[in-house]
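I have placed the structure first, in the form of structure tokens, so that the comments after it can refer back to it.
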Amino acid sequence: MVSALDRKLLRDLRHLKGQLLAIVLLVTCGVTTFVGSMTMWRSIMRSQQDYYERYRFADVFASLRRAPETVARRLAAIPGVAEVQTRVVADAALEMPGFPEPVTARFVSIPCCGPPALNRFHIRAGRTIAPGADSEVVVSEGFATAHRLRTGDRVTAVIQGRKQSFSVVGIGLSPEFVYEIRPGDLMPDDKHFGILWTSRRQLEAAGDMEGAFNDVAARLEPGASEPEVLVAFDRELGRYGGLGAFLRKDQVSNRFLSDEIRQLKANAVVVPSIFLGVAAFLLNVIFTRLVSTQREQIATLKALGYSNLATGFHYAKLVALVAMLGTALGVLGGIWMSHAMTGIYAQYYRLPQYFVELPWRETVIACALSTTAAALGVFGAMRKVVRLPPAQAMRPEPPASFHPSWLERLGVDRVASAAGRMILRNVGRRPVRFALSSLGIGFAIAILVVGWFFFDALDFIVDYQFRNVQRDDAMVTFNVPLSRDAVGELRRTRGVLRAEPFRAVPVKLRSRHVTYRTALLGVDPSGELRRIIDYDTGPAQVPPEGVLLTSKLAEILRVHPGDTVTAEALEGRRPVREVLVSGTVAELMGVSAYMSLPAIHRLMDEGPSASGAFVSIDPDLERPVYARLMSMPAVSGVTLRTAALASFTGTSAEYMLFFASILVGFAWVIAAGIVYNSARVSLAERERELATMRVIGMTWIEVWLILIGELALQVLAAIPVGCLVGWGFAHLAASSVESDLYRIPVVILPSTYATSVAVVVAAAIAVGIVIRRRLRHLDMVAVLKSKE
């Protein structure tokens, strides 16, 4: 049997179906983003932890020039070190048939017998290298996919100037290269860079490393002192050209993956909070007005013997149904979103598997969040239901005061028509209701702004980084720092239009108790191919003395212009110098420190030298230039600007656009829902008044214009509020994903504001058409009946 209150609940649901549907969709949007982001966060975090544990990802890493194998025993004897694995690593140029652009590979040695003790690789296809097979390689999955390599194919590499051919016997993954990125790059580029594992004996012979190693990894004992282990490693390896030991948290691939995990969690908090907050606001508006229009019904229920608790519970069930339906739809949407995001992440975060499970925990949390948001939204209205005395509620509400409103006192009514004065009087006498309705519509504009903001930011990043900062066609990197004669040879290469040297020195920068490992980049102050540009103020000049820090690095080190930092070079004679911070520059990619070439040579106590060069290439001679560069024994790699741009738009940009597209799609629904809610509530409150206008002779068009005119004023008032709130939401979204690897600028074009406003205006027009149809079919007799 259905109780009387439940039948009333069903009638209220039918009567409010349009308004409640809009709130359900709001809750659905919030729960979808929460469940999708949290499920993906939990999935990728568990997948990372499982991968690292099963494949014995190391805790400490170090690279060096060359050390005898006997040093490994001293490293293993350091207190806190549980296990040490040495290896040989070499960068080489690859010749890929049918692919004319330069390709670089990092060869990593594996033991001749058995799997590596640390940083083991997972075989996707084929097998590992057979004992004694020096010409076999296992190729990283991303590189193999980009070049369609299969087991049995052959690749040709130029290692230390010697050409060698290898047979591909397996396709693999490694926890060390989940994010497969070339040193110095910011984005993975599978077409131009890959990881190849081969026999240690082969790499020893190719690089004159018999009985020696140039790379080492270690696993620590539980409770080991990490700073003491790093100091001991640097002490042992310093004399062999060590570049400084670092922990797993600073390992490039792990840093990118860990930052992405952190940003996923931030997205799971910020975006759902916006949606659920707007839903709570709308629930407050709707239920406050619902209680006002159902005063007599509430009084009748209490007069018939229903307790305050039973009456309040009746309205609570209506709220609970909205929250439950929105949560259920949101959980389904979140499951879809997490699977879609998994497909995107798997393209550039190479894990053996992603543990995507049914989000039971997220479902429970989402239920709690949506219920809490709904409860907060209707708390005031529910309290009014419970406290409303039946005798008072039986009496009609006191008539509104009809003294001149503040708008009339301003004299606005003198220039308005009769219908216009009616609109202005209603606005002026109910300013709170008008303000709340405008604020709700403003939220719709704000959500649209923050959705499209990501597209603006992406366009700005591409233009800033790849057209203004990077004006070179390629960055050529040498195996070791060379004299300026090497740059002169590049300039003499047919097809090279310009070549500007740079000097990159790995350093540890210290300020008080804060230490940060980065590269100190020495550039030509008069250079034009790689510029230093502050994205707020424009081009910056590298100082003749001192160091220019990016704003993010200065923030990490807690320094300001005029302070000094300690720079400890990790190559050459490893000098330690106090360096003046000459200024800061706001950049979007990475954290960098810049010096002029003369200043960095003085710092390193060396003559003019270069770690590489930025080059400009004649478009008609690209292929011969690429071939010439990759044939130079001193060249370890060539990074193309066009390839870096393609990599960016195919990785981070793809995820950013996916998330922004979902946000914009939700915002369209929300905009229509909020505007519809505002108009429907206004119609419900003023049905008697509007019907009276029809009875006294006004046409339905005139009545409709009065109602739609008030909606137009609400939209007009919402435009500046929505744009301002959208700007704030954009700042909140940008700060939530900021890291030391990249930042998202808060760039919102006028077209974004205009489009967001246009969508809301279009929604208002559509709602106006729907309201016109309802007015034409308004039952004036039923509306004007006495309710006493």
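We name chains A, B, ... following the order of the structure tokens; residues begin at 1 in each chain, and ligands are numbered from 1 as shown.
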
Those in segment 90-279 of chain A with helix (DSSP H, G or I) from DSSP, as a ChimeraX atom specification: /A:141-147,175-177,200-206,226-240,248-250,252-279

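When only C-alpha atoms are used to compute distances to Val88 of chain A, the closest of the residues A:Ile447, A:Ile44, A:Ala67, A:Leu629 turns out to be A:Ala67.
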
Among the residues A:Pro272, A:Gly637, A:Gly709, A:Gly172, the one that comes closest to Asn479 of chain A [using only C-alpha atoms]: A:Gly637

All residues 6 Å or closer to segment 494-508 of chain A, only C-alpha atoms, same chain fewer than 3 positions away omitted, as JSON, numbers by chain: {"A": [491, 516, 517, 518, 519, 520, 521, 522, 523, 567, 568, 569, 570, 610, 611, 612, 613, 614, 615, 616, 617, 618, 621]}

Test item: residues at most 7 Å from segment 95-99 of chain A, only C-alpha atoms, excluding those fewer than 2 positions along its chain, as a VMD selection string: chain A and resid 93 101 155 to 157

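Straight-line separation from atom CA of Gly442 of chain A to atom CA of Tyr753 of chain A: 11.8 Å.
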
All residues 8 Å or closer to segment 734-743 of chain A, only C-alpha atoms, same chain fewer than 6 positions away omitted, as a ChimeraX atom specification: /A:186,256,259,263,266-267,270,552-553,588-591

Å distance separating atom CA of Gly211 of chain A from atom CA of Phe57 of chain A, one decimal place: 24.5 Å

Segment 558-758 of chain A: residues DSSP assigns to strand (DSSP E), reported as a PyMOL selection string: chain A and resi 564-569+576-585+593-596+609-617+635-640

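In this model, the gap between atom CA of Val216 of chain A and atom CA of Ala125 of chain A comes to 27.1 Å.
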
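Closest to Ala62 of chain A among A:Arg471, A:Arg42, A:Arg774, A:Arg87 is A:Arg87, based on only C-alpha atoms.
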
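Closest to Leu264 of chain A among A:Leu529, A:Met45, A:Ile701, A:Leu716 is A:Met45, based on only C-alpha atoms.
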
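Using only C-alpha atoms, the protein and nucleic acid residues lying no more than 9 Å from Leu64 of chain A, apart from those fewer than 2 places from it along its own chain, are Ala62, Arg66, Ala67, Phe213, Asn214, Asp215, Val216, Leu237, Gly238, Tyr240, Gly241, Gly242, Leu243, Gly244 and Glu571 of chain A.
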
Given only C-alpha atoms as the counted atoms, nearest of A:Gly18, A:Gly152, A:Gly722, A:Pro79 to Ala446 of chain A: A:Gly722

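You can rank A:Ala373, A:Val542, A:Ala730, A:Leu439 by their closest distance to Leu276 of chain A using only C-alpha atoms, and at the top of that list sits A:Ala373.
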